[in-house]
Every structure is written in structure tokens, then in C-alpha cells.
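S.K.: To start, I am sharing the structure in question, which I have written as C-alpha cells.
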Amino acid sequence: MQVLLIDACPRPQGISRTRRLGEAFLQALKAYQPELQMETLRLDEMQLMPLTGESEARRSALIDAGRLDENMFAPARSFASAELIVVCAPYWDFAFPASLKTLIEHVCVRTLTFTYQNDRPVGLCRAENLVYLTTSGSPIGEDNWGGNYLRAVTGRLLGVKQFHQISAEGLDLADADPEAILSAAMERARALAATL
């Protein structure tokens, strides 16, 4: 199985609770899929820039010329070829860090990750499943804007068939037991790994 891990955690290793949740999932996945191949995109290290008028025009010209082997399309190629996509991103400002939205801009590439048929988008990505792992200091509840956005863009535009979300919520509430909440989410993540 070819796995793409998207690490959108700004906090460093050892501090990020979202990374801990992601590690629990990946360790379980490796136990069930010992032959998996994993590519990791660490968004803080990539320092992708949002598309501007100039960069979008350059990108469109390259797409029209069929030059999808250019370096700027590397994230989209990785996304398109993955069989499983795992996104680790904390719940920030009712969604997720801006670096993840910027990555999605770079992933949505006409003729590489999606196309149009009869004026409707058709996804070209191989992945059957996307796993979204997130942690939050407060309850997410109905304000799951980040998860809902990822579900929509990857499912309706890019063709990923199944969306799974594991959340550890309310970690910073006054009466919370954050380790217990995180441990319970890790168990749910491990259980999910067994099904993929």
C-alpha cells in the first residue's frame, strides 16, 4: 500500500498532540500492512505559498502545455498516486492551519488530480480512503469546518471515496483529562487502521 502522510502540525515533535494521534494510527497501520510505502509531506518544511495571480497563470500555462512533470506539481502527483491519504492537522480557528489549505490549492490540478466531464468535476486520485486525524482544546461539535471542507474537496473534486475522521476533543477544558481523551482517540485510530 502506498500511503501519503500530510503533516500539518506546526508544533514540534513531543509537543503536538495531533502528531501523537497520528503516530498511534501509523504504528497500527504498519502492523497490519508491513509492506506499506510511505511518503511524508511536512508542510512547515515545504513552506508552500498560496497561489497568486502570477503563480496561478504560470501553473495554468504549464497544465495547458501538458508539463505536469514540473516541480510545482510534485504535491499533486503524490496525492494522485497514493492509495491511502493520512492528514494530521490540529483544529485551529474552527478549521486547521493555513498551510493545509495552501497544500490543497497545490493539489487541485486539472488533468492530474481531477478533470471535467459534462461540466462536472471527476476525481482522478487513486486513494480509496482519507484519514483525518485532529485534536482540539475545545469541543468541535457542529463547527467541523476543517473536516467538512476536506471531506467535500477530496470526495467531490478529487475522487477519494471514503473519509474517516478521528478527533480528540476538549483537551483543554477545565475538568478534562487530556491523556484519557487522547488515549481513547488513539484506540479509535488503531481500530480504524485494522479496517483499511
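For the C-alpha cells, the naming scheme is as follows: chains receive sequential letters (A, B, ...) according to their order of presentation, residues are indexed from 1 within each chain, and ligands are indexed from 1 in presentation order.
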Skip Thr102 in chain A itself and residues of its chain fewer than 3 positions away, then list as a VMD selection string all residues within 12 Å of it, counting only C-alpha atoms.
M.R.: chain A and resid 8 43 to 44 46 to 52 75 to 76 96 to 99 105 to 108
S.K.: Take the residues from that selection and write them out as a PDB file, in the first residue's frame, keeping C-alpha atoms.
M.R.:
```pdb
ATOM      1  CA  ALA A   8       0.144  19.912   9.030  1.00  0.00           C
ATOM      2  CA  LEU A  43       4.047  21.320   5.465  1.00  0.00           C
ATOM      3  CA  ASP A  44       6.149  23.537   7.733  1.00  0.00           C
ATOM      4  CA  MET A  46       7.746  22.744   2.453  1.00  0.00           C
ATOM      5  CA  GLN A  47       6.751  26.375   3.034  1.00  0.00           C
ATOM      6  CA  LEU A  48       4.310  26.399   0.136  1.00  0.00           C
ATOM      7  CA  MET A  49       2.966  29.794  -0.855  1.00  0.00           C
ATOM      8  CA  PRO A  50      -0.699  30.435  -1.674  1.00  0.00           C
ATOM      9  CA  LEU A  51      -1.393  30.862  -5.359  1.00  0.00           C
ATOM     10  CA  THR A  52      -1.344  34.430  -6.637  1.00  0.00           C
ATOM     11  CA  PRO A  75       2.421  17.518  -4.223  1.00  0.00           C
ATOM     12  CA  ALA A  76      -0.400  16.858  -6.686  1.00  0.00           C
ATOM     13  CA  PHE A  96      -6.953  23.780  10.502  1.00  0.00           C
ATOM     14  CA  PRO A  97      -3.632  25.596   9.901  1.00  0.00           C
ATOM     15  CA  ALA A  98      -3.449  27.679   6.715  1.00  0.00           C
ATOM     16  CA  SER A  99      -0.594  25.514   5.410  1.00  0.00           C
ATOM     17  CA  GLU A 105      -4.590  24.583  -3.623  1.00  0.00           C
ATOM     18  CA  HIS A 106      -1.416  22.950  -4.944  1.00  0.00           C
ATOM     19  CA  VAL A 107      -3.054  19.515  -5.073  1.00  0.00           C
ATOM     20  CA  CYS A 108      -6.128  20.557  -7.084  1.00  0.00           C
TER      21      CYS A 108
END
```
S.K.: Need to verify the contact set: range 54-68 of chain A, 9 Å, only C-alpha atoms, exclusion of same-chain residues closer than 6 positions in sequence. Can you return it as a list in words?
M.R.: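 Listed by chain and then number, they are Ala74, Arg77, Val109, Arg110, Thr111 and Leu112 of chain A.
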S.K.: Convert the current residue selection to file output with C-alpha atoms, as an mmCIF file, in the first residue's frame.
M.R.:
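Saved result, result-v9.cif, follows:
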```cif
data_model
loop_
_atom_site.group_PDB
_atom_site.id
_atom_site.type_symbol
_atom_site.label_atom_id
_atom_site.label_comp_id
_atom_site.auth_asym_id
_atom_site.auth_seq_id
_atom_site.Cartn_x
_atom_site.Cartn_y
_atom_site.Cartn_z
ATOM 1 C CA ALA A 74 5.008 17.318 -7.071
ATOM 2 C CA ARG A 77 1.435 13.874 -8.195
ATOM 3 C CA VAL A 109 -4.579 20.346 -10.542
ATOM 4 C CA ARG A 110 -6.787 19.934 -13.592
ATOM 5 C CA THR A 111 -5.863 16.832 -15.635
ATOM 6 C CA LEU A 112 -3.724 15.438 -12.802
#
```
S.K.: Using only C-alpha atoms, determine which residues lie at most 12 Å from Pro178 in chain A, disregarding the query and same-chain residues fewer than 3 positions distant; provide the list as a PyMOL selection string.
M.R.: chain A and resi 17+135-138+168-175+181-185
S.K.: Keeping only C-alpha atoms, write those residues as a PDB file, in the first residue's frame.
M.R.:
```pdb
ATOM      1  CA  ARG A  17      -0.908  16.079  20.463  1.00  0.00           C
ATOM      2  CA  THR A 135      -7.063  17.305  18.183  1.00  0.00           C
ATOM      3  CA  SER A 136      -8.697  20.319  19.775  1.00  0.00           C
ATOM      4  CA  GLY A 137      -8.609  22.137  23.085  1.00  0.00           C
ATOM      5  CA  SER A 138     -12.351  22.759  22.896  1.00  0.00           C
ATOM      6  CA  ALA A 168      -9.565  14.073  20.366  1.00  0.00           C
ATOM      7  CA  GLU A 169     -11.725  16.988  21.511  1.00  0.00           C
ATOM      8  CA  GLY A 170     -11.999  19.162  24.593  1.00  0.00           C
ATOM      9  CA  LEU A 171      -8.425  18.551  25.707  1.00  0.00           C
ATOM     10  CA  ASP A 172      -8.051  21.947  27.390  1.00  0.00           C
ATOM     11  CA  LEU A 173     -11.377  22.165  29.216  1.00  0.00           C
ATOM     12  CA  ALA A 174     -11.059  22.836  32.958  1.00  0.00           C
ATOM     13  CA  ASP A 175     -12.407  19.444  34.057  1.00  0.00           C
ATOM     14  CA  ILE A 181      -9.249  11.707  25.919  1.00  0.00           C
ATOM     15  CA  LEU A 182      -6.177  11.346  23.714  1.00  0.00           C
ATOM     16  CA  SER A 183      -5.751   7.672  24.650  1.00  0.00           C
ATOM     17  CA  ALA A 184      -9.361   6.952  23.699  1.00  0.00           C
ATOM     18  CA  ALA A 185      -8.863   8.658  20.330  1.00  0.00           C
TER      19      ALA A 185
END
```
S.K.: Quick one: residues within 9 Å of range 19-29 of chain A, only C-alpha atoms counted, chain neighbours fewer than 5 positions away excluded, as a PyMOL selection string?
M.R.: chain A and resi 7+9+11-14+34+36+86-90+133-135+166-168+182-183+185-194+196
S.K.: DSSP on the backbone: what in range 47-175 of chain A comes out strand (DSSP E or B), as an NGL selection string?
M.R.: :A and (84-88 or 110 or 114-117 or 120-123 or 129-135 or 162-168)
S.K.: Please indicate the distance in Å from CA of Thr40 in chain A to CA of Met72 in chain A, rounded to one decimal place.
M.R.: 16.5 Å
S.K.: For Val122 in chain A, which residue out of A:Gly53, A:Val160, A:Asp69, A:Ser78 is the nearest one, using only C-alpha atoms?
M.R.: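 The answer is A:Val160, which sits nearest to Val122 in chain A.
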S.K.: Enumerate as a tab-separated table (two decimals) with N, CA, C and O atoms, in the first residue's frame all residues of chain A assigned to helix (DSSP H, G or I) by DSSP on the backbone, naming them with the chain letters and numbers the document uses.
M.R.:
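Below is the file that was written, part15.tsv:
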```tsv
chain	number	residue	atom	x	y	z
A	17	ARG	N	-0.02	17.19	20.13
A	17	ARG	CA	-0.91	16.08	20.46
A	17	ARG	C	-1.46	15.43	19.20
A	17	ARG	O	-1.73	14.23	19.18
A	18	THR	N	-1.61	16.22	18.14
A	18	THR	CA	-2.09	15.66	16.89
A	18	THR	C	-1.08	14.68	16.31
A	18	THR	O	-1.45	13.63	15.78
A	19	ARG	N	0.21	15.02	16.43
A	19	ARG	CA	1.24	14.08	15.96
A	19	ARG	C	1.19	12.77	16.75
A	19	ARG	O	1.40	11.70	16.19
A	20	ARG	N	0.94	12.86	18.04
A	20	ARG	CA	0.85	11.64	18.85
A	20	ARG	C	-0.30	10.76	18.36
A	20	ARG	O	-0.16	9.53	18.27
A	21	LEU	N	-1.42	11.38	18.03
A	21	LEU	CA	-2.56	10.63	17.49
A	21	LEU	C	-2.18	10.00	16.15
A	21	LEU	O	-2.47	8.83	15.90
A	22	GLY	N	-1.50	10.77	15.31
A	22	GLY	CA	-1.06	10.25	14.02
A	22	GLY	C	-0.09	9.09	14.16
A	22	GLY	O	-0.17	8.10	13.42
A	23	GLU	N	0.83	9.19	15.10
A	23	GLU	CA	1.80	8.11	15.30
A	23	GLU	C	1.12	6.82	15.74
A	23	GLU	O	1.49	5.72	15.31
A	24	ALA	N	0.11	6.94	16.60
A	24	ALA	CA	-0.63	5.75	17.04
A	24	ALA	C	-1.30	5.07	15.85
A	24	ALA	O	-1.26	3.83	15.70
A	25	PHE	N	-1.92	5.87	14.98
A	25	PHE	CA	-2.57	5.31	13.79
A	25	PHE	C	-1.56	4.64	12.88
A	25	PHE	O	-1.76	3.52	12.41
A	26	LEU	N	-0.44	5.33	12.60
A	26	LEU	CA	0.54	4.80	11.66
A	26	LEU	C	1.23	3.55	12.18
A	26	LEU	O	1.51	2.63	11.41
A	27	GLN	N	1.51	3.50	13.47
A	27	GLN	CA	2.11	2.29	14.04
A	27	GLN	C	1.18	1.09	13.87
A	27	GLN	O	1.62	-0.01	13.51
A	28	ALA	N	-0.10	1.30	14.12
A	28	ALA	CA	-1.07	0.23	13.94
A	28	ALA	C	-1.18	-0.16	12.47
A	28	ALA	O	-1.23	-1.35	12.13
A	29	LEU	N	-1.20	0.83	11.59
A	29	LEU	CA	-1.30	0.55	10.16
A	29	LEU	C	-0.11	-0.29	9.69
A	29	LEU	O	-0.27	-1.24	8.92
A	30	LYS	N	1.09	0.07	10.15
A	30	LYS	CA	2.29	-0.69	9.77
A	30	LYS	C	2.23	-2.12	10.27
A	30	LYS	O	2.72	-3.04	9.62
A	31	ALA	N	1.61	-2.34	11.42
A	31	ALA	CA	1.47	-3.70	11.94
A	31	ALA	C	0.55	-4.54	11.05
A	31	ALA	O	0.79	-5.73	10.84
A	32	TYR	N	-0.49	-3.90	10.50
A	32	TYR	CA	-1.42	-4.62	9.64
A	32	TYR	C	-0.96	-4.64	8.18
A	32	TYR	O	-1.37	-5.52	7.43
A	43	LEU	N	4.40	20.05	6.08
A	43	LEU	CA	4.05	21.32	5.47
A	43	LEU	C	4.88	22.48	5.97
A	43	LEU	O	5.18	23.40	5.21
A	44	ASP	N	5.28	22.46	7.23
A	44	ASP	CA	6.15	23.54	7.73
A	44	ASP	C	7.48	23.57	7.00
A	44	ASP	O	8.03	24.64	6.74
A	45	GLU	N	8.00	22.40	6.64
A	45	GLU	CA	9.27	22.34	5.92
A	45	GLU	C	9.11	22.74	4.46
A	45	GLU	O	10.02	23.31	3.86
A	46	MET	N	7.96	22.44	3.88
A	46	MET	CA	7.75	22.74	2.45
A	46	MET	C	7.58	24.24	2.21
A	46	MET	O	7.96	24.73	1.16
A	53	GLY	N	-2.10	35.69	-8.56
A	53	GLY	CA	-2.43	35.84	-9.97
A	53	GLY	C	-1.31	35.38	-10.87
A	53	GLY	O	-1.51	34.66	-11.86
A	54	GLU	N	-0.09	35.76	-10.53
A	54	GLU	CA	1.08	35.40	-11.36
A	54	GLU	C	1.36	33.90	-11.30
A	54	GLU	O	1.57	33.26	-12.34
A	55	SER	N	1.38	33.34	-10.09
A	55	SER	CA	1.72	31.91	-9.99
A	55	SER	C	0.60	31.04	-10.56
A	55	SER	O	0.86	29.98	-11.14
A	56	GLU	N	-0.65	31.48	-10.43
A	56	GLU	CA	-1.75	30.70	-10.99
A	56	GLU	C	-1.71	30.74	-12.52
A	56	GLU	O	-1.97	29.72	-13.18
A	57	ALA	N	-1.36	31.88	-13.09
A	57	ALA	CA	-1.24	31.98	-14.55
A	57	ALA	C	-0.12	31.08	-15.07
A	57	ALA	O	-0.28	30.40	-16.08
A	58	ARG	N	1.00	31.04	-14.35
A	58	ARG	CA	2.12	30.16	-14.74
A	58	ARG	C	1.68	28.71	-14.66
A	58	ARG	O	1.95	27.90	-15.55
A	59	ARG	N	0.99	28.37	-13.57
A	59	ARG	CA	0.52	27.00	-13.39
A	59	ARG	C	-0.44	26.60	-14.51
A	59	ARG	O	-0.32	25.52	-15.09
A	60	SER	N	-1.39	27.45	-14.83
A	60	SER	CA	-2.36	27.15	-15.89
A	60	SER	C	-1.67	26.94	-17.23
A	60	SER	O	-2.04	26.05	-18.00
A	61	ALA	N	-0.66	27.77	-17.51
A	61	ALA	CA	0.08	27.62	-18.77
A	61	ALA	C	0.80	26.28	-18.82
A	61	ALA	O	0.82	25.61	-19.87
A	62	LEU	N	1.39	25.86	-17.71
A	62	LEU	CA	2.07	24.56	-17.67
A	62	LEU	C	1.08	23.41	-17.83
A	62	LEU	O	1.36	22.43	-18.54
A	63	ILE	N	-0.08	23.52	-17.19
A	63	ILE	CA	-1.11	22.48	-17.34
A	63	ILE	C	-1.55	22.39	-18.79
A	63	ILE	O	-1.64	21.29	-19.36
A	64	ASP	N	-1.83	23.53	-19.40
A	64	ASP	CA	-2.27	23.54	-20.80
A	64	ASP	C	-1.23	22.97	-21.74
A	64	ASP	O	-1.56	22.37	-22.77
A	71	ASN	N	8.26	20.67	-11.09
A	71	ASN	CA	8.37	20.51	-9.64
A	71	ASN	C	7.17	21.06	-8.90
A	71	ASN	O	6.77	20.52	-7.86
A	72	MET	N	6.54	22.10	-9.41
A	72	MET	CA	5.40	22.69	-8.69
A	72	MET	C	4.21	21.73	-8.58
A	72	MET	O	3.34	21.91	-7.73
A	73	PHE	N	4.21	20.68	-9.39
A	73	PHE	CA	3.12	19.71	-9.36
A	73	PHE	C	3.45	18.48	-8.52
A	73	PHE	O	2.67	17.53	-8.47
A	74	ALA	N	4.60	18.49	-7.86
A	74	ALA	CA	5.01	17.32	-7.07
A	74	ALA	C	3.98	16.94	-6.00
A	74	ALA	O	3.64	15.76	-5.85
A	75	PRO	N	3.44	17.91	-5.21
A	75	PRO	CA	2.42	17.52	-4.22
A	75	PRO	C	1.18	16.89	-4.87
A	75	PRO	O	0.62	15.93	-4.33
A	76	ALA	N	0.77	17.40	-6.00
A	76	ALA	CA	-0.40	16.86	-6.69
A	76	ALA	C	-0.12	15.45	-7.20
A	76	ALA	O	-0.98	14.57	-7.12
A	77	ARG	N	1.08	15.22	-7.73
A	77	ARG	CA	1.43	13.87	-8.19
A	77	ARG	C	1.42	12.88	-7.03
A	77	ARG	O	0.94	11.76	-7.16
A	78	SER	N	1.95	13.31	-5.89
A	78	SER	CA	1.95	12.44	-4.70
A	78	SER	C	0.52	12.12	-4.27
A	78	SER	O	0.20	10.97	-3.94
A	79	PHE	N	-0.33	13.12	-4.25
A	79	PHE	CA	-1.71	12.94	-3.84
A	79	PHE	C	-2.44	12.02	-4.81
A	79	PHE	O	-3.19	11.13	-4.40
A	80	ALA	N	-2.21	12.20	-6.10
A	80	ALA	CA	-2.91	11.42	-7.12
A	80	ALA	C	-2.52	9.94	-7.07
A	80	ALA	O	-3.36	9.07	-7.32
A	81	SER	N	-1.27	9.65	-6.74
A	81	SER	CA	-0.79	8.27	-6.80
A	81	SER	C	-0.97	7.50	-5.50
A	81	SER	O	-0.88	6.27	-5.49
A	98	ALA	N	-3.37	27.18	8.10
A	98	ALA	CA	-3.45	27.68	6.72
A	98	ALA	C	-2.56	26.89	5.77
A	98	ALA	O	-2.85	26.81	4.57
A	99	SER	N	-1.49	26.29	6.28
A	99	SER	CA	-0.59	25.51	5.41
A	99	SER	C	-1.32	24.37	4.73
A	99	SER	O	-1.01	24.00	3.60
A	100	LEU	N	-2.34	23.81	5.40
A	100	LEU	CA	-3.09	22.70	4.79
A	100	LEU	C	-3.97	23.20	3.66
A	100	LEU	O	-4.06	22.56	2.60
A	101	LYS	N	-4.60	24.34	3.82
A	101	LYS	CA	-5.40	24.91	2.72
A	101	LYS	C	-4.51	25.24	1.53
A	101	LYS	O	-4.89	25.01	0.37
A	102	THR	N	-3.31	25.74	1.81
A	102	THR	CA	-2.37	26.05	0.73
A	102	THR	C	-1.98	24.77	-0.01
A	102	THR	O	-1.91	24.75	-1.24
A	103	LEU	N	-1.74	23.70	0.73
A	103	LEU	CA	-1.41	22.43	0.07
A	103	LEU	C	-2.56	22.00	-0.84
A	103	LEU	O	-2.32	21.56	-1.97
A	104	ILE	N	-3.79	22.10	-0.35
A	104	ILE	CA	-4.93	21.68	-1.17
A	104	ILE	C	-4.98	22.49	-2.47
A	104	ILE	O	-5.28	21.95	-3.54
A	105	GLU	N	-4.66	23.78	-2.39
A	105	GLU	CA	-4.59	24.58	-3.62
A	105	GLU	C	-3.59	23.98	-4.60
A	105	GLU	O	-3.83	23.93	-5.81
A	106	HIS	N	-2.46	23.52	-4.09
A	106	HIS	CA	-1.42	22.95	-4.94
A	106	HIS	C	-1.76	21.54	-5.42
A	106	HIS	O	-1.20	21.08	-6.41
A	107	VAL	N	-2.66	20.88	-4.71
A	107	VAL	CA	-3.05	19.51	-5.07
A	107	VAL	C	-4.15	19.51	-6.14
A	107	VAL	O	-4.22	18.61	-6.97
A	145	TRP	N	-15.62	22.71	10.47
A	145	TRP	CA	-15.41	23.31	9.14
A	145	TRP	C	-14.23	22.69	8.43
A	145	TRP	O	-14.27	22.48	7.21
A	146	GLY	N	-13.15	22.40	9.14
A	146	GLY	CA	-11.99	21.80	8.50
A	146	GLY	C	-12.28	20.41	7.98
A	146	GLY	O	-11.99	20.08	6.83
A	147	GLY	N	-12.88	19.58	8.82
A	147	GLY	CA	-13.22	18.23	8.39
A	147	GLY	C	-14.22	18.22	7.25
A	147	GLY	O	-14.09	17.46	6.29
A	148	ASN	N	-15.23	19.06	7.36
A	148	ASN	CA	-16.25	19.12	6.29
A	148	ASN	C	-15.65	19.58	4.97
A	148	ASN	O	-16.01	19.08	3.91
A	149	TYR	N	-14.73	20.55	5.04
A	149	TYR	CA	-14.08	21.03	3.81
A	149	TYR	C	-13.25	19.91	3.19
A	149	TYR	O	-13.34	19.67	1.98
A	150	LEU	N	-12.43	19.23	3.99
A	150	LEU	CA	-11.60	18.15	3.44
A	150	LEU	C	-12.46	17.05	2.85
A	150	LEU	O	-12.13	16.51	1.78
A	151	ARG	N	-13.55	16.69	3.54
A	151	ARG	CA	-14.45	15.67	3.01
A	151	ARG	C	-14.99	16.08	1.64
A	151	ARG	O	-15.03	15.28	0.69
A	152	ALA	N	-15.41	17.34	1.51
A	152	ALA	CA	-16.00	17.81	0.26
A	152	ALA	C	-14.98	17.88	-0.87
A	152	ALA	O	-15.22	17.35	-1.96
A	153	VAL	N	-13.85	18.52	-0.62
A	153	VAL	CA	-12.89	18.74	-1.71
A	153	VAL	C	-12.24	17.43	-2.15
A	153	VAL	O	-12.03	17.21	-3.35
A	154	THR	N	-11.93	16.55	-1.21
A	154	THR	CA	-11.27	15.30	-1.61
A	154	THR	C	-12.27	14.31	-2.20
A	154	THR	O	-11.92	13.53	-3.08
A	155	GLY	N	-13.51	14.35	-1.72
A	155	GLY	CA	-14.51	13.43	-2.25
A	155	GLY	C	-15.16	13.91	-3.54
A	155	GLY	O	-15.16	13.20	-4.54
A	156	ARG	N	-15.66	15.13	-3.53
A	156	ARG	CA	-16.40	15.63	-4.70
A	156	ARG	C	-15.51	16.07	-5.84
A	156	ARG	O	-15.89	15.98	-7.01
A	157	LEU	N	-14.32	16.58	-5.53
A	157	LEU	CA	-13.44	17.08	-6.59
A	157	LEU	C	-12.35	16.08	-6.95
A	157	LEU	O	-12.10	15.83	-8.14
A	178	PRO	N	-6.92	15.23	29.69
A	178	PRO	CA	-6.45	15.20	28.31
A	178	PRO	C	-5.79	13.88	27.89
A	178	PRO	O	-5.97	13.44	26.76
A	179	GLU	N	-5.07	13.25	28.81
A	179	GLU	CA	-4.42	11.99	28.45
A	179	GLU	C	-5.46	10.90	28.20
A	179	GLU	O	-5.31	10.08	27.29
A	180	ALA	N	-6.50	10.88	29.00
A	180	ALA	CA	-7.56	9.88	28.81
A	180	ALA	C	-8.29	10.12	27.49
A	180	ALA	O	-8.59	9.16	26.75
A	181	ILE	N	-8.57	11.38	27.18
A	181	ILE	CA	-9.25	11.71	25.92
A	181	ILE	C	-8.37	11.32	24.74
A	181	ILE	O	-8.84	10.71	23.76
A	182	LEU	N	-7.09	11.66	24.80
A	182	LEU	CA	-6.18	11.35	23.71
A	182	LEU	C	-6.00	9.84	23.58
A	182	LEU	O	-5.98	9.30	22.46
A	183	SER	N	-5.90	9.13	24.69
A	183	SER	CA	-5.75	7.67	24.65
A	183	SER	C	-6.96	7.01	24.00
A	183	SER	O	-6.82	6.06	23.22
A	184	ALA	N	-8.15	7.52	24.30
A	184	ALA	CA	-9.36	6.95	23.70
A	184	ALA	C	-9.37	7.18	22.19
A	184	ALA	O	-9.75	6.30	21.41
A	185	ALA	N	-8.94	8.37	21.77
A	185	ALA	CA	-8.86	8.66	20.33
A	185	ALA	C	-7.82	7.77	19.66
A	185	ALA	O	-8.01	7.30	18.53
A	186	MET	N	-6.70	7.53	20.33
A	186	MET	CA	-5.67	6.64	19.79
A	186	MET	C	-6.22	5.23	19.58
A	186	MET	O	-5.92	4.59	18.58
A	187	GLU	N	-7.03	4.77	20.54
A	187	GLU	CA	-7.63	3.43	20.37
A	187	GLU	C	-8.57	3.39	19.18
A	187	GLU	O	-8.60	2.40	18.44
A	188	ARG	N	-9.34	4.45	18.98
A	188	ARG	CA	-10.22	4.51	17.80
A	188	ARG	C	-9.39	4.53	16.52
A	188	ARG	O	-9.76	3.90	15.52
A	189	ALA	N	-8.27	5.24	16.56
A	189	ALA	CA	-7.39	5.31	15.38
A	189	ALA	C	-6.79	3.94	15.08
A	189	ALA	O	-6.71	3.52	13.92
A	190	ARG	N	-6.36	3.24	16.11
A	190	ARG	CA	-5.80	1.88	15.91
A	190	ARG	C	-6.86	0.93	15.35
A	190	ARG	O	-6.57	0.10	14.48
A	191	ALA	N	-8.07	1.04	15.85
A	191	ALA	CA	-9.16	0.20	15.35
A	191	ALA	C	-9.45	0.49	13.89
A	191	ALA	O	-9.68	-0.43	13.08
A	192	LEU	N	-9.42	1.76	13.51
A	192	LEU	CA	-9.63	2.13	12.11
A	192	LEU	C	-8.53	1.55	11.23
A	192	LEU	O	-8.79	1.06	10.13
A	193	ALA	N	-7.28	1.62	11.70
A	193	ALA	CA	-6.15	1.10	10.92
A	193	ALA	C	-6.35	-0.37	10.56
A	193	ALA	O	-5.94	-0.82	9.48
```
S.K.: What is the CA of Tyr116 in chain A to CA of Asn144 in chain A distance in Å?
M.R.: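 Taking CA of Tyr116 in chain A as the start and CA of Asn144 in chain A as the end point, the length is 28.3 Å.
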S.K.: Would you work out the distance separating CA of Glu128 in chain A from CA of Gly159 in chain A, expressed in Å to one decimal?
M.R.: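 Distance between the two atoms: 8.3 Å.
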